[in-house]
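With mmCIF, C-alpha atoms and all ligand atoms inside, this is upload.cif:
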```
data_coords
#
loop_
_atom_site.label_atom_id
_atom_site.label_comp_id
_atom_site.auth_asym_id
_atom_site.auth_seq_id
_atom_site.Cartn_x
_atom_site.Cartn_y
_atom_site.Cartn_z
CA MET A 230 -89.09 -44.28 51.07
CA LYS A 231 -90.09 -47.91 51.15
CA ILE A 232 -93.36 -48.76 52.87
CA SER A 233 -91.67 -51.73 54.56
CA GLU A 234 -89.51 -49.18 56.41
CA LEU A 235 -92.44 -46.91 57.29
CA LEU A 236 -94.29 -49.86 58.80
CA LYS A 237 -91.63 -50.30 61.47
CA LYS A 238 -92.97 -47.32 63.46
CA ASP A 239 -94.74 -48.29 66.66
CA THR A 240 -97.02 -45.26 66.89
CA LEU A 241 -100.17 -44.74 64.84
CA SER A 242 -99.73 -43.57 61.26
CA ILE A 243 -102.31 -43.30 58.56
CA SER A 244 -102.11 -43.37 54.77
CA PHE A 245 -104.66 -42.31 52.17
CA GLU A 246 -105.79 -43.73 48.83
CA VAL A 247 -106.62 -41.67 45.75
CA PHE A 248 -107.77 -42.66 42.28
CA PRO A 249 -106.63 -41.23 38.94
CA PRO A 250 -108.86 -39.13 36.69
CA LYS A 251 -110.82 -40.94 33.97
CA THR A 252 -110.08 -38.23 31.41
CA GLU A 253 -107.51 -35.52 30.79
CA SER A 254 -110.14 -32.86 31.54
CA ASN A 255 -110.40 -34.06 35.16
CA PHE A 256 -106.67 -34.23 35.68
CA ASP A 257 -106.32 -30.85 37.38
CA THR A 258 -109.21 -31.51 39.78
CA VAL A 259 -107.57 -34.73 40.92
CA LYS A 260 -104.18 -33.02 41.09
CA VAL A 261 -105.56 -30.35 43.42
CA ALA A 262 -107.30 -32.95 45.62
CA THR A 263 -104.12 -35.03 45.93
CA GLU A 264 -102.09 -31.95 46.77
CA GLU A 265 -104.52 -31.07 49.58
CA ILE A 266 -104.31 -34.60 50.95
CA ALA A 267 -100.50 -34.60 50.66
CA LYS A 268 -100.40 -31.47 52.86
CA LEU A 269 -101.62 -33.67 55.73
CA ARG A 270 -98.23 -35.46 55.53
CA PRO A 271 -99.65 -39.00 55.62
CA ALA A 272 -97.30 -41.98 55.97
CA PHE A 273 -97.85 -42.62 52.25
CA MET A 274 -100.45 -42.18 49.53
CA SER A 275 -101.55 -44.92 47.15
CA VAL A 276 -102.85 -44.35 43.63
CA THR A 277 -105.23 -46.94 42.18
CA TYR A 278 -105.01 -48.40 38.68
CA GLY A 279 -108.24 -47.99 36.74
CA ALA A 280 -110.13 -51.20 36.02
CA GLY A 281 -108.99 -52.39 32.58
CA GLY A 282 -105.92 -50.16 32.64
CA GLY A 283 -107.46 -47.39 30.53
CA THR A 284 -106.33 -44.70 32.96
CA SER A 285 -102.93 -46.21 33.72
CA LYS A 286 -101.04 -43.20 32.36
CA TYR A 287 -102.78 -41.00 34.91
CA THR A 288 -101.95 -43.41 37.76
CA LEU A 289 -98.30 -42.83 37.05
CA ASP A 290 -98.67 -39.06 36.50
CA ILE A 291 -100.53 -38.59 39.79
CA ALA A 292 -98.13 -40.90 41.65
CA LYS A 293 -95.15 -38.97 40.26
CA ASN A 294 -96.62 -35.66 41.45
CA ILE A 295 -97.25 -37.03 44.93
CA LYS A 296 -93.68 -38.19 45.19
CA THR A 297 -91.76 -35.41 43.50
CA LEU A 298 -93.91 -32.29 43.96
CA TYR A 299 -95.37 -33.01 47.39
CA GLY A 300 -92.65 -35.26 48.85
CA VAL A 301 -94.99 -37.95 50.19
CA PRO A 302 -93.98 -41.64 49.84
CA THR A 303 -96.06 -43.16 47.07
CA LEU A 304 -97.53 -46.55 46.29
CA ALA A 305 -98.47 -47.09 42.62
CA HIS A 306 -101.02 -49.82 41.88
CA LEU A 307 -100.60 -52.16 38.91
CA THR A 308 -102.99 -54.86 37.67
CA CYS A 309 -103.04 -57.96 35.45
CA VAL A 310 -106.24 -57.13 33.54
CA SER A 311 -105.66 -57.50 29.76
CA SER A 312 -101.93 -57.64 30.45
CA THR A 313 -99.24 -58.50 27.95
CA LYS A 314 -95.56 -58.96 28.76
CA GLU A 315 -94.85 -55.74 26.83
CA THR A 316 -97.42 -53.52 28.56
CA VAL A 317 -96.43 -54.70 32.02
CA GLY A 318 -92.72 -54.43 31.20
CA GLU A 319 -93.27 -50.88 29.99
CA LYS A 320 -95.22 -49.92 33.14
CA ILE A 321 -92.57 -51.39 35.40
CA SER A 322 -89.87 -49.39 33.60
CA GLN A 323 -91.92 -46.20 33.88
CA ILE A 324 -92.55 -46.72 37.60
CA LYS A 325 -88.83 -47.28 38.13
CA GLU A 326 -87.87 -44.22 36.06
CA ALA A 327 -90.28 -42.11 38.11
CA GLY A 328 -88.35 -43.13 41.22
CA ILE A 329 -91.42 -44.78 42.78
CA GLN A 330 -90.25 -47.51 45.13
CA ASN A 331 -93.56 -49.07 46.16
CA VAL A 332 -95.89 -51.09 43.92
CA MET A 333 -99.21 -52.71 44.81
CA ALA A 334 -99.52 -55.84 42.65
CA LEU A 335 -103.14 -56.77 41.92
CA ARG A 336 -105.19 -59.01 39.67
CA GLY A 337 -107.51 -56.04 39.22
CA ASP A 338 -111.25 -55.56 39.06
CA ILE A 339 -112.68 -57.00 35.88
CA PRO A 340 -114.68 -54.31 34.07
CA SER A 341 -118.09 -55.47 32.81
CA HIS A 342 -117.04 -55.37 29.14
CA LEU A 343 -114.26 -57.86 29.92
CA GLU A 344 -116.28 -60.27 32.05
CA GLN A 345 -116.56 -62.75 29.16
CA ALA A 346 -112.99 -62.16 27.94
CA ASP A 347 -110.65 -65.13 27.59
CA ARG A 348 -108.35 -64.57 30.56
CA SER A 349 -106.02 -67.31 29.42
CA LEU A 350 -104.75 -64.75 26.89
CA TRP A 351 -103.56 -62.41 29.64
CA ALA A 352 -99.85 -62.68 30.31
CA TYR A 353 -100.53 -62.47 34.07
CA LYS A 354 -103.68 -64.03 35.50
CA HIS A 355 -103.16 -63.55 39.21
CA ALA A 356 -101.39 -61.04 41.40
CA THR A 357 -98.75 -63.66 42.29
CA GLU A 358 -97.48 -63.72 38.71
CA LEU A 359 -97.19 -59.94 38.68
CA ILE A 360 -95.26 -60.07 41.96
CA TYR A 361 -92.79 -62.52 40.43
CA GLU A 362 -92.36 -60.18 37.46
CA LEU A 363 -91.77 -57.18 39.73
CA LYS A 364 -89.24 -59.17 41.73
CA CYS A 365 -87.36 -60.12 38.55
CA ALA A 366 -87.29 -56.52 37.32
CA ASP A 367 -84.05 -54.67 37.66
CA ALA A 368 -85.48 -52.49 40.44
CA ASP A 369 -85.59 -52.78 44.18
CA PHE A 370 -89.36 -52.39 44.63
CA CYS A 371 -91.21 -52.83 47.90
CA ILE A 372 -94.23 -54.86 46.79
CA GLY A 373 -97.65 -54.91 48.42
CA ALA A 374 -100.65 -57.16 47.75
CA ALA A 375 -104.34 -57.22 48.62
CA CYS A 376 -106.06 -59.42 51.18
CA TYR A 377 -109.67 -60.01 52.19
CA PRO A 378 -110.78 -60.37 55.83
CA GLU A 379 -114.20 -61.52 54.54
CA ILE A 380 -112.82 -63.72 51.71
CA HIS A 381 -112.38 -62.64 48.11
CA PRO A 382 -115.81 -62.92 46.41
CA GLU A 383 -114.48 -65.46 43.87
CA SER A 384 -112.94 -67.76 46.49
CA GLU A 385 -114.61 -70.98 47.51
CA SER A 386 -113.35 -70.88 51.07
CA GLN A 387 -111.20 -68.80 53.37
CA LYS A 388 -108.74 -71.66 53.57
CA GLU A 389 -108.23 -71.54 49.80
CA ASP A 390 -108.03 -67.75 49.81
CA ILE A 391 -105.34 -67.80 52.52
CA LYS A 392 -103.43 -70.51 50.64
CA TYR A 393 -103.18 -68.22 47.58
CA LEU A 394 -102.40 -65.25 49.82
CA LYS A 395 -99.45 -67.15 51.22
CA GLU A 396 -98.24 -67.71 47.65
CA LYS A 397 -98.32 -63.92 47.12
CA VAL A 398 -96.15 -63.42 50.20
CA GLU A 399 -93.76 -66.21 49.18
CA ALA A 400 -93.49 -64.61 45.74
CA GLY A 401 -92.29 -61.39 47.37
CA ALA A 402 -95.16 -59.29 48.80
CA GLU A 403 -93.69 -57.46 51.79
CA PHE A 404 -96.96 -56.13 53.14
CA LEU A 405 -100.67 -56.69 52.67
CA THR A 406 -103.48 -54.15 52.62
CA THR A 407 -106.98 -55.33 53.41
CA GLN A 408 -110.24 -54.78 51.64
CA MET A 409 -112.55 -52.46 53.59
CA PHE A 410 -114.47 -53.93 56.52
CA PHE A 411 -116.94 -52.41 58.97
CA ASP A 412 -116.57 -54.79 61.89
CA ASN A 413 -113.10 -54.84 63.44
CA ASN A 414 -113.68 -58.27 64.96
CA LEU A 415 -113.63 -59.73 61.44
CA LEU A 416 -110.18 -58.22 60.99
CA TYR A 417 -108.85 -59.55 64.31
CA ASN A 418 -110.15 -63.01 63.46
CA PHE A 419 -108.55 -62.83 60.00
CA LEU A 420 -105.18 -61.74 61.41
CA TYR A 421 -105.23 -64.70 63.75
CA LYS A 422 -105.82 -67.05 60.80
CA LEU A 423 -103.00 -65.46 58.79
CA ARG A 424 -100.52 -65.91 61.62
CA GLU A 425 -101.74 -69.50 62.03
CA ALA A 426 -101.05 -70.05 58.30
CA GLY A 427 -97.52 -68.69 58.76
CA ILE A 428 -98.12 -65.32 57.06
CA THR A 429 -96.07 -62.91 59.11
CA VAL A 430 -95.69 -59.81 56.90
CA PRO A 431 -97.36 -56.60 58.14
CA VAL A 432 -101.06 -56.27 57.35
CA ILE A 433 -102.43 -52.76 56.90
CA PRO A 434 -106.17 -52.61 57.59
CA GLY A 435 -108.12 -50.58 55.01
CA VAL A 436 -110.90 -48.42 56.47
CA MET A 437 -113.45 -46.68 54.28
CA PRO A 438 -115.32 -43.68 55.68
CA ILE A 439 -118.81 -44.00 54.22
CA THR A 440 -119.93 -40.44 53.59
CA ASN A 441 -123.18 -40.92 51.71
CA ALA A 442 -125.90 -43.53 51.69
CA ASN A 443 -125.40 -44.48 47.99
CA GLN A 444 -121.82 -45.43 48.77
CA VAL A 445 -123.08 -48.16 51.13
CA GLU A 446 -124.69 -50.17 48.36
CA ARG A 447 -121.64 -49.76 46.10
CA ALA A 448 -119.25 -50.73 48.89
CA VAL A 449 -121.20 -53.86 49.78
CA LYS A 450 -121.51 -54.88 46.11
CA LEU A 451 -117.80 -54.40 45.50
CA SER A 452 -116.42 -55.95 48.64
CA GLY A 453 -119.23 -58.15 49.96
CA SER A 454 -118.55 -56.55 53.35
CA PHE A 455 -120.75 -57.37 56.32
CA MET A 456 -122.65 -54.35 57.67
CA PRO A 457 -122.96 -54.52 61.47
CA GLN A 458 -126.30 -53.45 62.92
CA ARG A 459 -124.64 -50.41 64.51
CA PHE A 460 -123.59 -49.25 61.05
CA LYS A 461 -126.98 -50.04 59.46
CA SER A 462 -128.75 -48.02 62.17
CA LEU A 463 -126.54 -45.07 61.43
CA VAL A 464 -127.36 -45.23 57.70
CA ASP A 465 -131.09 -45.59 58.51
CA LYS A 466 -130.98 -42.58 60.79
CA PHE A 467 -128.80 -40.22 58.73
CA GLY A 468 -128.87 -41.58 55.15
CA HIS A 469 -131.38 -38.97 53.97
CA ASP A 470 -129.32 -36.04 55.33
CA PRO A 471 -126.00 -35.74 53.40
CA ALA A 472 -124.20 -33.53 55.94
CA ALA A 473 -125.25 -35.64 58.92
CA MET A 474 -124.43 -38.89 57.08
CA LYS A 475 -120.96 -37.59 56.25
CA GLN A 476 -120.32 -36.61 59.86
CA ALA A 477 -121.60 -39.95 61.16
CA GLY A 478 -119.60 -41.95 58.55
CA ILE A 479 -116.39 -40.13 59.44
CA ALA A 480 -117.04 -40.66 63.16
CA TYR A 481 -117.62 -44.39 62.54
CA ALA A 482 -114.35 -44.72 60.57
CA THR A 483 -112.47 -42.73 63.25
CA ASP A 484 -113.85 -45.06 65.89
CA GLN A 485 -112.69 -48.09 63.88
CA ILE A 486 -109.17 -46.63 63.63
CA ILE A 487 -108.99 -45.88 67.36
CA ASP A 488 -110.10 -49.41 68.18
CA LEU A 489 -107.50 -50.86 65.76
CA TYR A 490 -104.74 -48.81 67.39
CA ALA A 491 -105.93 -49.75 70.87
CA ASN A 492 -105.59 -53.37 69.77
CA GLY A 493 -101.98 -53.00 68.66
CA ILE A 494 -102.33 -52.02 65.00
CA THR A 495 -100.11 -49.08 64.12
CA ASN A 496 -100.77 -48.50 60.41
CA VAL A 497 -104.18 -47.90 58.89
CA HIS A 498 -104.96 -47.17 55.24
CA VAL A 499 -107.92 -44.84 54.76
CA TYR A 500 -110.02 -45.12 51.61
CA SER A 501 -110.97 -41.45 51.70
CA MET A 502 -110.40 -41.40 47.92
CA ASN A 503 -110.21 -37.95 46.30
CA LYS A 504 -111.89 -36.17 49.20
CA PRO A 505 -109.44 -33.91 51.04
CA ASP A 506 -112.17 -32.75 53.45
CA VAL A 507 -112.78 -36.34 54.57
CA ALA A 508 -109.06 -37.07 54.93
CA MET A 509 -108.60 -33.83 56.89
CA LYS A 510 -111.48 -34.56 59.21
CA ILE A 511 -110.25 -38.08 59.96
CA GLN A 512 -106.80 -36.71 60.69
CA SER A 513 -108.08 -33.90 62.89
CA ASN A 514 -110.28 -36.36 64.83
CA LEU A 515 -107.09 -38.28 65.58
CA SER A 516 -104.79 -35.29 66.07
CA ASP A 517 -103.75 -35.96 69.66
CA ILE A 518 -103.28 -39.68 69.01
CA LEU A 519 -101.22 -38.98 65.88
CA GLY A 520 -99.38 -36.12 67.54
CA LYS A 521 -100.23 -33.86 64.56
P1 LIG B 601 -105.55 -62.34 43.23
O1 LIG B 601 -104.59 -62.39 44.34
O2 LIG B 601 -105.10 -62.80 41.89
O3 LIG B 601 -106.84 -63.19 43.70
C1 LIG B 601 -108.06 -63.16 42.96
C2 LIG B 601 -108.81 -64.48 43.23
O4 LIG B 601 -108.10 -65.57 42.68
C3 LIG B 601 -108.99 -64.80 44.72
O5 LIG B 601 -110.21 -65.49 44.85
C4 LIG B 601 -107.81 -65.72 45.02
O6 LIG B 601 -108.05 -66.58 46.12
C5 LIG B 601 -107.68 -66.48 43.70
N1 LIG B 601 -106.30 -66.83 43.36
C6 LIG B 601 -105.16 -66.15 43.65
N2 LIG B 601 -104.10 -66.78 43.12
C7 LIG B 601 -104.57 -67.88 42.47
C8 LIG B 601 -103.97 -68.92 41.70
N3 LIG B 601 -102.66 -68.97 41.53
N4 LIG B 601 -104.79 -69.87 41.15
C9 LIG B 601 -106.13 -69.83 41.33
N5 LIG B 601 -106.75 -68.86 42.05
C10 LIG B 601 -105.99 -67.91 42.61
N6 LIG B 601 -108.64 -53.15 41.59
C11 LIG B 601 -108.25 -52.42 40.52
O7 LIG B 601 -108.68 -52.66 39.39
N7 LIG B 601 -107.36 -51.38 40.68
C12 LIG B 601 -106.81 -51.08 41.89
O8 LIG B 601 -106.02 -50.15 41.98
C13 LIG B 601 -107.20 -51.84 43.03
N8 LIG B 601 -106.68 -51.61 44.26
C14 LIG B 601 -107.00 -52.43 45.32
C15 LIG B 601 -106.38 -52.24 46.55
C16 LIG B 601 -106.69 -53.07 47.64
C17 LIG B 601 -106.01 -52.87 48.96
C18 LIG B 601 -107.66 -54.09 47.49
C19 LIG B 601 -108.03 -54.96 48.65
C20 LIG B 601 -108.28 -54.29 46.26
C21 LIG B 601 -107.94 -53.48 45.16
N9 LIG B 601 -108.51 -53.67 43.90
C22 LIG B 601 -108.14 -52.90 42.82
C23 LIG B 601 -109.51 -54.72 43.71
C24 LIG B 601 -108.84 -56.07 43.29
O9 LIG B 601 -108.19 -55.90 42.06
C25 LIG B 601 -109.94 -57.11 43.20
O10 LIG B 601 -110.40 -57.42 44.48
C26 LIG B 601 -109.58 -58.35 42.41
O11 LIG B 601 -110.79 -59.07 42.20
C27 LIG B 601 -108.59 -59.28 43.09
O12 LIG B 601 -107.34 -58.77 43.11
P2 LIG B 601 -106.15 -59.54 43.87
O13 LIG B 601 -104.90 -58.84 43.57
O14 LIG B 601 -106.50 -59.81 45.26
O15 LIG B 601 -106.18 -60.92 43.02
#
```
Serialized structure, structure tokens:
Amino acid sequence: MKISELLKKDTLSISFEVFPPKTESNFDTVKVATEEIAKLRPAFMSVTYGAGGGTSKYTLDIAKNIKTLYGVPTLAHLTCVSSTKETVGEKISQIKEAGIQNVMALRGDIPSHLEQADRSLWAYKHATELIYELKCADADFCIGAACYPEIHPESESQKEDIKYLKEKVEAGAEFLTTQMFFDNNLLYNFLYKLREAGITVPVIPGVMPITNANQVERAVKLSGSFMPQRFKSLVDKFGHDPAAMKQAGIAYATDQIIDLYANGITNVHVYSMNKPDVAMKIQSNLSDILGK
């Protein structure tokens, strides 16, 4: 099922993100976690592509399982990092052969050992180029791309960021998923600017339930997200108590989702990663709203 079709629903639906194992020995653990999450029957599940592509085989294996064994629509991520025409061509063929209809086209996080690498040698330097390639492939993919309510950290201005985002949509991205954010007003403001720039494809807000205090630092470093005082107070109060922090983080994310839905947003992507208990809790907190 194409995500562009799923997004036409006008009641709340949620999707979950998982990441592939780093090594073969962790494969079964991730498989079990994804199966548990799939049992929640989310709108779809996305599988990330490891920075640098080292775990790309597992992205496809996990995505295939989600689709064929558990019957949940799947979104496979693909990145440009260290890309060659051959490697990307091979991945695209494998995704198609696996019957996966949805691909998230990304530049990718640059792993530290590649920070000084000569990116001009990569066949694809930006997500837009990957989108063009996916569009030219002999496959009818539904393509997604990333967007940043608080600006991509490498961008000089939001105006420039939105200009390049529009190029991704013109190249063929049919939906956009946002980076995590902790203040919904930033998202509403961003959506307004996108519409003003003529970007009309659906935007799926990405919400990350912060379930331990260490995650806060990592999340801010990765995304540059603004932490509202309400969220900081919660981390100050509960950060030292793992169980309480988890409960408070899930409640905060649930609250964000309810506010998004109350403001007209019907699809939310939850970065619960490989934590079925967190995904389950979010879903059960929303059970009456979701009708599940
Ligand atoms: P791009 O769209 O290429 O943009 C990167 C930067 O370049 C931006 O500053 C943009 O404004 C600028 N830019 C874009 N096009 C041009 C151009 N033509 N010329 C000059 N500048 C340009 N990372 C992973 O490694 N694996 C994943 O699975 C993964 N999943 C993600 C899912 C989501 C929903 C999000 C939001 C992020 C994800 N990331 C993932 C992180 C992402 O790869 C990084 O944020 C990366 O730095 C940018 O990726 P992008 O696709 O947005 O890049």
inquiry  = Neighbouring residues of Leu405 in chain A were defined as those with any atom within 12 Å, considering all atoms listed in the file; residues of the same chain fewer than 3 positions away were excluded. Please report them as JSON, numbers by chain.
reply    = {"A": [232, 233, 236, 332, 333, 334, 335, 371, 372, 373, 374, 375, 376, 377, 378, 394, 395, 397, 398, 401, 402, 408, 420, 423, 428, 429, 430, 431, 432, 433, 434, 435, 496, 497, 498]}
message = Between A:Lys510, A:Arg336, A:Lys521, A:Lys466, which residue has the minimum interatomic distance to ligand LIG 601 (chain B), considering all atoms listed in the file?
response =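 The shortest atom-to-atom distance to ligand LIG 601 (chain B) comes from A:Arg336.
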query = Residues within 7 Å of ligand LIG 601 (chain B) (all atoms listed in the file), as an NGL selection string?
reply = :A and (276-281 or 306-308 or 334-339 or 354-357 or 374-377 or 381-384 or 389-390 or 393-394 or 406-408 or 435)
task = Considering all atoms listed in the file, return as a list in words whatever protein or nucleic-acid residues lie within 9 Å of Leu350 in chain A, sequence-local ones (same chain, fewer than 3 positions apart) excluded.
result = Ser311, Ser312, Thr313, Ala346, Asp347, Tyr353 and Lys354 of chain A
ask   = Which polymer residues have any atom within 10 Å of an atom of Ala352 in chain A, counting only C-alpha atoms, with same-chain residues fewer than 4 positions away left out, as a ChimeraX atom specification?
value = /A:309-317,348,358-359
inquiry  = Env of Asp290 in chain A: 10 Å cut, atoms = all atoms listed in the file, seq-sep filter 5 positions within chain, self excluded. Answer as a list in words.
reply    = Pro249, Phe256, Lys260, Val276, Ser285, Ile295, Ile324 and Ala327 of chain A
What does the file look like for those residues with C-alpha atoms, as a JSON list (two decimals), in the frame of the given file?
```json
[["chain", "number", "residue", "atom", "x", "y", "z"],
["A", 249, "PRO", "CA", -106.63, -41.23, 38.94],
["A", 256, "PHE", "CA", -106.67, -34.23, 35.68],
["A", 260, "LYS", "CA", -104.18, -33.02, 41.09],
["A", 276, "VAL", "CA", -102.85, -44.35, 43.63],
["A", 285, "SER", "CA", -102.93, -46.21, 33.72],
["A", 295, "ILE", "CA", -97.25, -37.03, 44.93],
["A", 324, "ILE", "CA", -92.55, -46.72, 37.60],
["A", 327, "ALA", "CA", -90.28, -42.11, 38.11]]
```
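Contact shell of Val507 in chain A at 8 Å (all atoms listed in the file; same-chain neighbours under 3 positions omitted): Pro438, Ile479, Ser501, Lys504, Lys510 and Ile511 of chain A.
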key: Among listed residues A:Val445, A:Val247, A:Leu363, A:Met437, nearest Asp484 in chain A (using only C-alpha atoms)   =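 Residue with the minimum atom-to-atom distance to Asp484 in chain A: A:Met437.
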note = Students should find that CA of Ala267 in chain A and CA of Asn441 in chain A are spaced 23.6 Å
task = Rank nothing, just name the residue among A:Asn294, A:Gln330, A:Thr440, A:Ser275 nearest to Met474 in chain A, using all atoms listed in the file.
result =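 For Met474 in chain A, the nearest of the candidates is A:Thr440.
Distance check against Arg459 in chain A using all atoms listed in the file: of A:Ala477, A:Ile321, A:Val259, A:Ile518, the minimum falls on A:Ala477.
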